[in-house]
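Structure below is my_file-v9.txt: compact mmCIF, C-alpha atoms.
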```txt
# COMPACT_ATOMS: atom_id res chain seq x y z
CA MET A 1 64.37 103.15 88.72
CA ASN A 2 62.48 102.89 85.49
CA PRO A 3 63.49 99.75 83.60
CA ILE A 4 63.66 101.68 80.32
CA PRO A 5 65.60 104.81 81.21
CA GLY A 6 65.70 105.97 77.61
CA LEU A 7 62.01 106.66 77.70
CA MET A 8 62.09 108.84 80.77
CA THR A 9 61.94 112.56 80.32
CA ASP A 10 64.78 114.68 81.66
CA GLU A 11 62.36 116.27 84.08
CA LYS A 12 61.20 112.92 85.50
CA ILE A 13 64.79 111.77 85.96
CA MET A 14 65.76 115.03 87.59
CA THR A 15 62.82 114.73 89.96
CA ASP A 16 64.08 111.27 90.93
CA VAL A 17 67.59 112.63 91.38
CA SER A 18 66.29 115.41 93.61
CA GLN A 19 64.60 112.73 95.72
CA GLY A 20 67.85 110.85 96.21
CA GLU A 21 67.91 108.50 93.19
CA LEU A 22 71.41 109.65 92.27
CA ASP A 23 71.81 106.98 89.59
CA GLY A 24 69.56 109.06 87.38
CA ALA A 25 72.36 111.60 87.08
CA LYS A 26 74.19 109.03 84.95
CA ILE A 27 71.51 109.25 82.29
CA LEU A 28 71.42 113.03 82.40
CA TYR A 29 75.20 113.09 82.13
CA SER A 30 75.22 110.81 79.11
CA ARG A 31 72.53 112.92 77.46
CA TYR A 32 74.04 116.35 78.02
CA HIS A 33 77.72 116.26 78.84
CA ILE A 34 78.84 116.59 75.19
CA LYS A 35 76.53 119.54 74.54
CA ILE A 36 77.58 121.32 77.70
CA TYR A 37 81.24 120.62 77.06
CA ASN A 38 80.93 122.07 73.55
CA PHE A 39 79.02 125.04 74.87
CA PHE A 40 81.91 125.88 77.19
CA LEU A 41 84.44 125.05 74.51
CA ARG A 42 82.94 127.56 72.13
CA LEU A 43 82.66 130.11 74.89
CA ILE A 44 86.15 129.79 76.34
CA PHE A 45 88.21 127.99 73.66
CA ASN A 46 90.08 125.83 76.13
CA ARG A 47 89.62 122.10 76.34
CA GLU A 48 90.78 121.61 79.92
CA VAL A 49 88.79 124.51 81.31
CA SER A 50 85.71 123.39 79.40
CA LEU A 51 86.07 119.89 80.73
CA ASP A 52 86.44 121.20 84.25
CA LEU A 53 83.43 123.48 83.96
CA MET A 54 81.33 120.70 82.42
CA GLN A 55 82.22 118.41 85.31
CA ASN A 56 81.49 121.17 87.80
CA VAL A 57 78.05 121.60 86.24
CA PHE A 58 77.19 117.97 86.97
CA TYR A 59 78.71 118.28 90.40
CA ARG A 60 76.45 121.24 91.01
CA LEU A 61 73.51 119.28 89.62
CA ILE A 62 74.04 116.74 92.40
CA LYS A 63 74.83 119.35 95.02
CA TYR A 64 71.82 121.58 94.29
CA ARG A 65 69.42 118.80 93.32
CA LYS A 66 67.05 119.94 96.09
CA SER A 67 66.53 123.24 94.28
CA TRP A 68 64.96 121.39 91.34
CA LYS A 69 61.26 122.13 90.85
CA ASN A 70 59.01 119.65 89.06
CA ASP A 71 57.30 122.22 86.89
CA HIS A 72 60.56 123.44 85.35
CA ALA A 73 62.07 122.38 82.05
CA PHE A 74 65.37 120.59 82.55
CA VAL A 75 67.49 122.18 79.81
CA PRO A 76 67.02 125.80 80.88
CA TRP A 77 67.61 124.72 84.46
CA ILE A 78 70.92 123.01 83.74
CA PHE A 79 72.03 125.87 81.50
CA LYS A 80 71.35 128.23 84.33
CA ILE A 81 73.89 126.16 86.26
CA CYS A 82 76.20 126.43 83.25
CA ARG A 83 75.80 130.18 83.24
CA ASN A 84 76.62 130.40 86.96
CA GLU A 85 79.60 128.15 86.45
CA TYR A 86 80.77 130.34 83.60
CA ASN A 87 80.32 133.51 85.66
CA ASP A 88 82.33 132.00 88.49
CA TYR A 89 84.99 131.03 86.02
CA LEU A 90 85.13 134.60 84.68
CA LYS A 91 85.61 135.97 88.21
CA LYS A 92 88.50 133.58 88.79
CA GLU A 93 89.84 134.23 85.34
CA VAL A 94 89.98 137.98 85.98
CA ARG A 95 91.89 137.26 89.12
CA TYR A 96 94.41 134.95 87.47
CA ILE A 97 94.92 136.45 84.04
CA ARG A 98 96.44 139.87 84.49
CA ASN A 99 96.70 141.06 80.92
CA ALA A 100 93.59 141.36 78.80
CA VAL A 101 93.13 138.67 76.19
CA ASP A 102 93.58 140.19 72.76
CA ILE A 103 91.99 139.02 69.57
CA GLU A 104 95.11 137.41 68.18
CA GLU A 105 95.33 135.26 71.25
CA ILE A 106 91.72 134.19 70.91
CA LYS A 107 92.33 133.31 67.29
CA GLU A 108 95.26 131.19 68.39
CA SER A 109 93.23 129.49 71.04
CA SER A 110 90.33 128.92 68.66
CA ALA A 111 92.76 127.22 66.32
CA GLY A 112 93.67 125.03 69.28
CA ILE A 113 90.38 123.21 68.97
CA ILE A 114 91.05 120.08 66.97
CA ILE A 115 88.70 120.13 64.02
CA ASP A 116 87.86 117.03 62.04
CA PRO A 117 89.33 117.08 58.57
CA ILE A 118 85.86 116.71 57.05
CA GLN A 119 84.75 119.87 58.76
CA SER A 120 83.95 122.56 56.27
CA GLU A 121 85.50 125.95 55.83
CA LYS A 122 82.28 127.43 57.10
CA VAL A 123 82.71 125.94 60.54
CA LYS A 124 86.24 127.30 60.75
CA ASN A 125 84.97 130.70 59.78
CA LEU A 126 82.24 130.50 62.36
CA HIS A 127 84.76 129.49 65.01
CA ASN A 128 86.94 132.42 64.19
CA ALA A 129 84.02 134.80 64.08
CA LEU A 130 82.74 133.57 67.43
CA ALA A 131 86.22 134.04 68.88
CA ASN A 132 86.17 137.63 67.80
CA ILE A 133 82.89 138.78 69.28
CA SER A 134 82.32 139.58 72.94
CA PRO A 135 81.72 136.68 75.35
CA GLU A 136 78.25 138.03 76.10
CA HIS A 137 77.30 137.88 72.45
CA ARG A 138 78.96 134.53 72.10
CA LYS A 139 77.05 133.13 75.03
CA ILE A 140 73.64 134.21 73.78
CA LEU A 141 74.32 132.97 70.27
CA LEU A 142 75.49 129.61 71.53
CA LEU A 143 72.36 129.26 73.61
CA SER A 144 70.14 130.26 70.74
CA LYS A 145 71.84 128.82 67.68
CA TYR A 146 73.98 125.98 68.97
CA MET A 147 71.76 124.76 71.78
CA LYS A 148 68.64 125.76 69.80
CA LEU A 149 66.89 127.04 72.88
CA LYS A 150 63.79 129.18 72.62
CA ASN A 151 63.98 132.85 73.55
CA LYS A 152 61.72 132.16 76.49
CA GLU A 153 64.10 129.52 77.82
CA ILE A 154 67.12 131.78 77.31
CA ALA A 155 65.30 134.52 79.19
CA GLU A 156 64.84 132.07 82.04
CA ILE A 157 68.52 131.11 82.03
CA LEU A 158 69.73 134.70 81.97
CA ASP A 159 67.09 135.99 84.40
CA SER A 160 65.81 138.27 81.69
CA ASN A 161 62.66 138.66 79.57
CA GLU A 162 61.86 137.46 76.06
CA ASN A 163 62.01 140.86 74.39
CA ALA A 164 65.38 141.68 75.89
CA VAL A 165 66.69 138.30 74.72
CA LYS A 166 65.31 138.98 71.25
CA GLY A 167 67.17 142.27 71.16
CA MET A 168 70.38 140.69 72.46
CA ILE A 169 70.23 137.98 69.82
CA PHE A 170 69.67 140.57 67.14
CA ARG A 171 72.65 142.68 68.19
CA ALA A 172 74.85 139.62 68.65
CA MET A 173 73.85 138.28 65.27
CA CYS A 174 74.61 141.59 63.57
CA LYS A 175 78.03 141.64 65.20
CA LEU A 176 78.73 138.04 64.26
CA ARG A 177 77.69 138.61 60.66
CA GLU A 178 79.94 141.63 60.46
CA VAL A 179 82.94 139.76 61.84
CA TYR A 180 82.20 136.56 59.94
CA PHE A 181 82.23 138.21 56.53
CA LYS A 182 85.07 140.57 57.40
CA LEU A 183 87.22 137.55 58.25
CA ASP A 184 85.93 135.79 55.18
CA LYS A 185 87.25 138.60 52.97
CA ILE A 186 90.72 138.47 54.55
CA MET B 1 58.88 149.02 57.50
CA ASN B 2 62.47 149.88 56.82
CA CYS B 3 65.45 147.62 56.19
CA LYS B 4 66.39 147.51 59.89
CA ASP B 5 62.97 146.15 60.77
CA TYR B 6 63.38 143.54 58.09
CA SER B 7 66.74 142.44 59.38
CA GLU B 8 65.12 141.89 62.77
CA LEU B 9 62.47 139.87 61.03
CA MET B 10 65.12 137.85 59.27
CA ILE B 11 66.72 136.81 62.53
CA GLU B 12 63.34 135.84 63.92
CA CYS B 13 62.73 133.95 60.73
CA PHE B 14 65.83 131.84 61.27
CA ALA B 15 64.80 131.28 64.86
CA GLY B 16 61.52 129.93 63.51
CA ASP B 17 59.37 132.44 65.42
CA ILE B 18 57.57 133.88 62.42
CA ASN B 19 54.13 133.49 60.88
CA ASN B 20 53.36 133.08 57.23
CA ASN B 21 52.03 136.60 56.65
CA VAL B 22 55.19 138.21 57.97
CA LEU B 23 57.32 135.75 56.03
CA LYS B 24 55.58 136.67 52.79
CA LYS B 25 56.16 140.35 53.54
CA LEU B 26 59.85 139.67 54.17
CA MET B 27 60.25 137.66 50.99
CA GLY B 28 58.58 140.47 49.07
CA HIS B 29 61.08 142.95 50.48
CA LEU B 30 64.05 140.69 49.70
CA ASP B 31 62.96 140.56 46.05
CA VAL B 32 63.30 144.31 45.73
CA CYS B 33 66.16 145.14 48.17
CA SER B 34 69.53 143.72 47.16
CA ASP B 35 71.23 144.81 50.42
CA CYS B 36 68.71 142.90 52.48
CA ARG B 37 68.95 139.93 50.10
CA ASN B 38 72.68 139.89 50.68
CA GLU B 39 72.14 140.12 54.42
CA TYR B 40 69.64 137.28 54.29
CA GLN B 41 72.09 135.07 52.43
CA GLN B 42 74.81 135.81 54.93
CA LEU B 43 72.53 135.04 57.85
CA GLU B 44 71.51 131.83 56.13
CA GLU B 45 75.15 130.85 55.81
CA ILE B 46 75.85 131.58 59.46
CA ASN B 47 72.82 129.61 60.55
CA LYS B 48 73.93 126.68 58.40
CA SER B 49 77.38 126.92 59.93
CA PHE B 50 75.83 126.72 63.37
CA ASP B 51 74.05 123.56 62.28
CA LEU B 52 77.38 122.17 61.11
CA LEU B 53 79.08 123.00 64.37
CA PRO B 54 80.26 119.57 65.51
CA ASP B 55 79.76 118.12 68.96
CA LEU B 56 83.39 117.63 69.84
CA LYS B 57 84.23 114.64 71.94
CA LEU B 58 85.79 115.24 75.30
CA GLY B 59 89.20 114.53 73.82
CA SER B 60 92.26 112.65 74.89
CA ILE B 61 92.36 113.98 78.43
CA SER B 62 88.86 112.82 79.09
CA ASP B 63 89.02 109.37 77.48
CA ILE B 64 89.00 107.86 80.92
CA TYR B 65 85.58 109.36 81.58
CA GLN B 66 83.90 108.09 78.46
CA ASN B 67 83.22 104.60 79.71
CA HIS B 68 81.99 105.84 83.05
CA ASP B 69 79.17 108.26 82.72
CA SER B 70 78.18 108.37 86.35
CA VAL B 71 78.62 111.74 87.88
CA GLN B 72 79.37 110.14 91.22
CA GLU B 73 82.15 108.11 89.67
CA LEU B 74 83.33 111.20 87.96
CA THR B 75 83.67 113.14 91.14
CA GLU B 76 85.33 110.17 92.80
CA LYS B 77 87.71 109.94 89.88
CA ARG B 78 88.55 113.57 90.19
CA GLN B 79 89.28 113.15 93.85
CA ARG B 80 91.42 110.14 93.08
CA ARG B 81 93.12 112.06 90.34
CA GLY B 82 93.76 114.79 92.89
CA PHE B 83 95.33 112.26 95.19
CA LYS B 84 97.48 110.89 92.38
CA HIS B 85 98.54 114.41 91.66
CA ILE B 86 99.66 114.83 95.24
CA SER B 87 101.34 111.46 95.25
CA ARG B 88 103.44 112.31 92.24
CA LYS B 89 104.47 115.70 93.48
CA ILE B 90 104.90 115.15 97.17
CA LEU B 91 104.36 111.59 98.28
CA ILE B 92 107.12 110.00 96.23
CA PRO B 93 109.90 112.38 97.33
CA ALA B 94 108.49 112.26 100.85
CA GLY B 95 108.48 108.49 100.71
CA VAL B 96 112.04 108.40 99.44
CA ALA B 97 113.14 110.82 102.14
CA ALA B 98 111.30 108.84 104.79
CA SER B 99 112.86 105.57 103.62
CA ILE B 100 116.32 107.11 103.64
CA ILE B 101 115.78 108.48 107.13
CA LEU B 102 114.42 105.14 108.30
CA PHE B 103 117.35 103.32 106.75
CA LEU B 104 119.89 105.65 108.37
CA ALA B 105 118.08 105.50 111.69
CA GLY B 106 118.04 101.71 111.53
CA PHE B 107 121.69 101.62 110.57
CA LEU B 108 122.71 103.94 113.42
CA ALA B 109 120.51 102.11 115.93
CA GLY B 110 122.06 98.86 114.82
CA ARG B 111 125.53 100.23 115.18
CA ILE B 112 124.84 101.73 118.58
CA GLN B 113 123.29 98.53 119.80
CA LYS B 114 126.18 96.54 118.39
CA GLU B 115 128.59 98.84 120.19
CA ASN B 116 126.58 98.57 123.37
CA ASN B 117 126.47 94.83 123.01
CA LEU B 118 130.19 94.74 122.41
CA LYS B 119 130.85 96.93 125.43
CA TYR B 120 128.54 94.82 127.53
CA GLN B 121 130.15 91.64 126.32
CA GLU B 122 133.59 93.07 126.92
CA ILE B 123 132.72 94.16 130.42
CA ALA B 124 131.17 90.81 131.20
CA ALA B 125 134.22 89.04 129.82
CA LEU B 126 136.54 91.25 131.84
CA ARG B 127 134.49 90.72 134.96
CA SER B 128 134.53 86.95 134.63
CA GLU B 129 138.23 87.09 133.92
CA VAL B 130 138.87 89.12 137.05
CA ASN B 131 136.69 86.73 138.98
CA GLU B 132 138.61 83.78 137.67
CA THR B 133 141.92 85.40 138.54
CA LYS B 134 140.71 86.14 142.03
CA ASN B 135 139.55 82.55 142.46
CA LEU B 136 142.87 81.29 141.21
CA MET B 137 144.67 83.66 143.54
CA ILE B 138 142.61 82.41 146.49
CA LEU B 139 143.39 78.83 145.60
CA SER B 140 147.11 79.51 145.34
CA LEU B 141 147.11 81.59 148.52
CA LEU B 142 145.33 78.85 150.43
CA LYS B 143 148.16 76.49 149.52
CA GLN B 144 150.77 78.89 150.84
CA GLN B 145 152.82 77.83 153.85
CA SER B 146 152.38 81.12 155.59
CA ALA B 147 149.28 81.18 157.78
CA SER B 148 148.87 84.92 157.25
CA LYS B 149 148.75 84.36 153.48
CA ARG B 150 146.05 81.72 153.98
CA ILE B 151 144.07 84.13 156.17
CA GLN B 152 144.44 86.69 153.40
CA ALA B 153 143.04 84.17 150.96
CA ALA B 154 140.02 83.57 153.20
CA SER B 155 139.37 87.30 153.55
CA TYR B 156 139.62 87.67 149.76
CA ALA B 157 137.08 84.91 149.36
CA GLU B 158 134.74 86.83 151.68
CA LYS B 159 134.83 89.82 149.32
CA LEU B 160 134.32 87.75 146.20
CA GLU B 161 130.95 87.91 144.47
CA ASP B 162 131.02 84.58 142.80
CA LEU B 163 132.71 81.61 144.38
CA GLN B 164 133.99 78.83 142.17
CA PRO B 165 133.29 75.23 143.35
CA GLU B 166 137.03 74.53 143.59
CA VAL B 167 137.52 77.51 145.88
CA MET B 168 134.52 76.43 147.92
CA ASP B 169 136.05 73.00 148.38
CA ALA B 170 139.40 74.51 149.24
CA LEU B 171 137.82 76.77 151.83
CA LEU B 172 135.89 73.91 153.40
CA GLN B 173 139.06 71.88 153.46
CA SER B 174 141.00 74.63 155.15
CA LEU B 175 138.13 75.04 157.63
CA ASN B 176 138.25 71.34 158.48
CA THR B 177 141.92 70.62 158.30
CA ASP B 178 144.06 73.73 158.50
CA GLN B 179 146.67 73.67 161.20
CA SER B 180 146.14 77.28 162.19
CA THR B 181 142.94 78.04 164.12
CA ASN B 182 143.06 81.59 162.79
CA VAL B 183 143.02 80.40 159.21
CA ARG B 184 140.14 78.07 160.01
CA LEU B 185 138.28 80.95 161.64
CA ALA B 186 138.85 83.14 158.57
CA SER B 187 137.62 80.33 156.35
CA LEU B 188 134.52 79.98 158.48
CA GLU B 189 133.83 83.68 158.22
CA ALA B 190 134.32 83.56 154.46
CA LEU B 191 132.01 80.58 154.10
CA SER B 192 129.37 82.12 156.38
CA LYS B 193 128.83 84.68 153.61
CA TYR B 194 127.74 81.95 151.22
CA THR B 195 125.24 80.19 153.46
CA ASP B 196 122.57 80.79 150.79
CA ASN B 197 124.14 77.83 149.04
CA PRO B 198 122.51 74.68 150.53
CA PHE B 199 125.68 72.65 149.88
CA ILE B 200 127.79 74.99 152.02
CA ARG B 201 125.11 74.99 154.69
CA THR B 202 125.07 71.21 155.04
CA GLU B 203 128.88 71.09 154.88
CA LEU B 204 129.05 73.69 157.64
CA VAL B 205 126.70 71.64 159.83
CA LYS B 206 128.85 68.58 159.18
CA ALA B 207 131.99 70.53 160.04
CA PHE B 208 130.30 71.78 163.22
CA ASP B 209 129.54 68.21 164.22
CA GLN B 210 133.13 67.20 163.92
CA GLU B 211 134.58 70.34 165.44
CA SER B 212 136.63 70.10 168.60
CA ASP B 213 138.33 73.49 168.75
CA PRO B 214 136.46 75.61 171.32
CA VAL B 215 137.11 78.91 169.49
CA ILE B 216 135.70 77.54 166.26
CA GLN B 217 132.89 75.86 168.19
CA VAL B 218 131.78 79.16 169.77
CA ASN B 219 131.88 80.91 166.40
CA MET B 220 129.97 78.09 164.79
CA ILE B 221 127.29 78.17 167.51
CA ASN B 222 126.87 81.89 166.85
CA LEU B 223 126.64 81.26 163.14
CA MET B 224 124.08 78.45 163.56
CA VAL B 225 121.94 80.68 165.73
CA LEU B 226 122.27 83.48 163.21
CA LEU B 227 121.28 81.17 160.37
CA ASN B 228 118.50 79.71 162.52
CA GLU B 229 119.73 76.25 161.55
CA LYS B 230 117.38 73.85 163.43
CA SER B 231 119.35 70.79 162.40
CA SER B 232 122.26 72.02 164.52
CA ALA B 233 120.15 71.75 167.72
CA GLN B 234 121.10 68.08 168.11
CA ILE B 235 124.79 68.97 167.95
CA LEU B 236 124.30 71.74 170.47
CA GLN B 237 122.53 69.33 172.79
CA ARG B 238 125.36 66.80 172.40
CA LEU B 239 127.91 69.57 173.17
CA LEU B 240 125.95 70.45 176.30
CA ASP B 241 125.76 66.83 177.41
CA ASP B 242 129.45 66.10 176.64
CA ASP B 243 131.64 66.53 179.70
CA ASN B 244 134.72 67.22 177.54
CA THR B 245 133.20 70.37 176.17
CA GLU B 246 134.71 73.63 177.31
CA LEU B 247 132.63 75.63 179.75
CA ILE B 248 132.50 78.69 177.51
CA VAL B 249 131.30 76.55 174.64
CA LYS B 250 128.66 74.93 176.89
CA ASP B 251 127.47 78.33 177.96
CA GLN B 252 127.24 79.51 174.36
CA ALA B 253 125.52 76.30 173.34
CA ARG B 254 122.89 76.73 176.08
CA LYS B 255 122.17 80.30 174.95
CA GLY B 256 122.06 79.14 171.34
CA LEU B 257 119.66 76.32 172.09
CA LYS B 258 117.36 78.74 173.90
CA THR B 259 117.14 81.05 170.88
CA LEU B 260 116.93 78.23 168.38
CA LEU B 261 114.09 76.30 170.09
```
Would you write out, as structure tokens, the structure that this file holds?
Amino acid sequence: MNPIPGLMTDEKIMTDVSQGELDGAKILYSRYHIKIYNFFLRLIFNREVSLDLMQNVFYRLIKYRKSWKNDHAFVPWIFKICRNEYNDYLKKEVRYIRNAVDIEEIKESSAGIIIDPIQSEKVKNLHNALANISPEHRKILLLSKYMKLKNKEIAEILDSNENAVKGMIFRAMCKLREVYFKLDKI
Amino acid sequence: MNCKDYSELMIECFAGDINNNVLKKLMGHLDVCSDCRNEYQQLEEINKSFDLLPDLKLGSISDIYQNHDSVQELTEKRQRRGFKHISRKILIPAGVAASIILFLAGFLAGRIQKENNLKYQEIAALRSEVNETKNLMILSLLKQQSASKRIQAASYAEKLEDLQPEVMDALLQSLNTDQSTNVRLASLEALSKYTDNPFIRTELVKAFDQESDPVIQVNMINLMVLLNEKSSAQILQRLLDDDNTELIVKDQARKGLKTLL
């Protein structure tokens, strides 16, 4: 173990983890669990499910640590795990939730997220807008705007190419803008 | 370039993937096109909102995890939590049920054993009582005037499992001193059953030594041979040597000596 873990790059730590230094996962967890939790939270609007999925992501990180390759960037790699986790969740969700989730319900659930009192109106609007666009759009926007990942990295996560990602972001952004300002007017 | 192209450019602009030349072009367009200016402002607002999007803490449910960041611990915790979950839903009622069953089982077992013990104690008490009565009966019968009653007492004593010392003494006394030879014979037979008792054995040898009745003598010789009592050999020899001894007794004594030695 490096005596100053704060100075180690994610990739170096992950390489150690893949070689059996499981303690390194602690550092990765402390660096990313909030971001990943929030990513799921904004995607699904359910605290418990998000927490579960976030924990599963780190469980998978340990389980599939051998699949880590040194030349990769860590963030796209772990978000690929997030994406798989989310896809698995959707499959289960389809099985368990019989009736389709309507917009009103999503609004309700988005309101379920406890927002700090200092949080501005804008964030509320964004939450509501995000709740009212498709999960696919939501996912790509969260990766791009919330996680601030580059198109290239998103392409890697989604097994796609940069141009396709660019187009997806554009369409998602148009949709979000439409919903955001429609809700704003109401 | 039309407005749609510019809106694509705008999004790229906010993503930061844009060079200065293209940016200038976009700004130029925004100056003249109010629709696109409006769109730009909206996109700007959304992008700012994204920047404001807070990193929510894991919340109340997850407080327990915040001090322990290790993923290993986390998975362990989850397993433990799973176990707790089971324990609340199943283990406690199961435990209560098991304890009730155990308690009832213990209670019943205790009762049954108590009953068994009681029965056993009762039977033992009854048995000893019967024994005592029989012993008493033998004692009283032995004191009867009628010889047949005394013989009866001796035959009772033969059937008895446990002989009381008083009865033993009484039997020995009747063997040694009873007027009727038949009673004495019956007493001898009764006592011959208890030759496992060393006291009776020695008393029998003593009685044999002092015996003068030929019928009893013959029976005693047989008994001594049967018991393989070596100490009686001297007495047998004396009987053989004594001229007053009956011929039948001498004969029996000779045979006995042969087998004993």
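Using all atoms listed in the file, the nearest neighbour of chain B within the list A:Val49, A:Val123, A:Ala164, A:Leu43 is A:Val123.
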At a cut-off of 9 Å, using all atoms listed in the file, what residues contact Trp68 in chain A? Leave out same-chain residues fewer than 4 positions from it and give the result as a PDB file with C-alpha atoms, in the coordinates of the input.
```
ATOM      1  CA  MET A  14      65.760 115.030  87.590  1.00  0.00           C
ATOM      2  CA  THR A  15      62.820 114.730  89.960  1.00  0.00           C
ATOM      3  CA  SER A  18      66.290 115.410  93.610  1.00  0.00           C
ATOM      4  CA  LEU A  61      73.510 119.280  89.620  1.00  0.00           C
ATOM      5  CA  TYR A  64      71.820 121.580  94.290  1.00  0.00           C
ATOM      6  CA  HIS A  72      60.560 123.440  85.350  1.00  0.00           C
ATOM      7  CA  PHE A  74      65.370 120.590  82.550  1.00  0.00           C
ATOM      8  CA  TRP A  77      67.610 124.720  84.460  1.00  0.00           C
TER       9      TRP A  77
END
```
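Restricting the calculation to only C-alpha atoms, the smallest distance between chain A and any of B:Lys4, B:Gly28, B:Gln237, B:Asn47 is found for B:Asn47.
Closest to Leu41 in chain A among A:Ala131, A:Ile140, A:Ile78, A:Ala155 is A:Ala131, based on all atoms listed in the file.
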Kindly compute an axis-aligned box around the listed atoms of range 88-101 of chain B, allowing 4 Å on each side, and express its centre and edge lengths in Å to one decimal as JSON.
```
{"center_x": 109.9, "center_y": 110.6, "center_z": 99.7, "size_x": 20.9, "size_y": 18.1, "size_z": 22.9}
```
Given a cut-off of 6 Å, which residues of chain A touch chain B, counting all atoms listed in the file, written out as number ranges by chain? A: 26, 30, 122-123, 146
Between A:Arg138, A:Leu176, A:Ile27, A:Ser160, single out the one closest to Leu7 in chain A, counting all atoms listed in the file. A:Ile27
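Shortest atom-to-atom contact with Leu149 in chain A among A:Val75, A:Ile44, A:Leu130, A:Val179: A:Val75, counting all atoms listed in the file.
Between CA of Tyr180 in chain A and CA of Phe45 in chain A there is a distance of 17.3 Å.
Relative to CA of Glu158 in chain B, CA of Thr181 in chain B is found at 17.3 Å.
The space between CA of Leu240 in chain B and CA of Asn228 in chain B spans 18.2 Å.
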Identify, on the basis of all atoms listed in the file, every residue whose closest approach to Gln173 in chain B does not exceed 12 Å; exclude the query and any residue fewer than 6 positions from it along the same chain; express the result as a ChimeraX atom specification. /B:139,142-143,154,166-167,179,183-184,187-188,191,200,203-204,207
Taking 5 positions as the minimum chain separation for residues in the same chain, which residues sit within 7 Å of range 51-59 of chain A when counting only C-alpha atoms? Answer as an mmCIF file with C-alpha atoms, in the frame of the given file.
```cif
data_model
loop_
_atom_site.group_PDB
_atom_site.id
_atom_site.type_symbol
_atom_site.label_atom_id
_atom_site.label_comp_id
_atom_site.auth_asym_id
_atom_site.auth_seq_id
_atom_site.Cartn_x
_atom_site.Cartn_y
_atom_site.Cartn_z
ATOM 1 C CA HIS A 33 77.720 116.260 78.840
ATOM 2 C CA ILE A 36 77.580 121.320 77.700
ATOM 3 C CA TYR A 37 81.240 120.620 77.060
ATOM 4 C CA ILE A 81 73.890 126.160 86.260
ATOM 5 C CA CYS A 82 76.200 126.430 83.250
ATOM 6 C CA GLU A 85 79.600 128.150 86.450
ATOM 7 C CA VAL B 71 78.620 111.740 87.880
#
```
Given all atoms listed in the file as the counted atoms, nearest of A:Arg42, A:Lys35, A:Arg60, A:Lys92 to His137 in chain A: A:Arg42
Residues within 12 Å of (124.9, 78.4, 173.8), counting all atoms listed in the file, listed as a ChimeraX atom specification: /B:217-225,232-233,235-240,245-261
As a ChimeraX atom specification, please: the residues near Ala157 in chain B (cut-off 10 Å, only C-alpha atoms, same-chain neighbours under 6 positions excluded). /B:134-135,137-139,151,163-164,167-168,171,186-187,189-191,193-194
Excluding Ile169 in chain A and its own-chain neighbours fewer than 3 positions away, which residues fall within 7 Å of it when counting only C-alpha atoms? Please give them as a list in words. Ile140, Leu141, Val165, Lys166, Ala172 and Met173 of chain A
Using only C-alpha atoms, please write the residues we just selected to a file, as an mmCIF file, in the coordinates of the input.
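Output (again-v4.cif):
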```cif
data_model
loop_
_atom_site.group_PDB
_atom_site.id
_atom_site.type_symbol
_atom_site.label_atom_id
_atom_site.label_comp_id
_atom_site.auth_asym_id
_atom_site.auth_seq_id
_atom_site.Cartn_x
_atom_site.Cartn_y
_atom_site.Cartn_z
ATOM 1 C CA ILE A 140 73.640 134.210 73.780
ATOM 2 C CA LEU A 141 74.320 132.970 70.270
ATOM 3 C CA VAL A 165 66.690 138.300 74.720
ATOM 4 C CA LYS A 166 65.310 138.980 71.250
ATOM 5 C CA ALA A 172 74.850 139.620 68.650
ATOM 6 C CA MET A 173 73.850 138.280 65.270
#
```
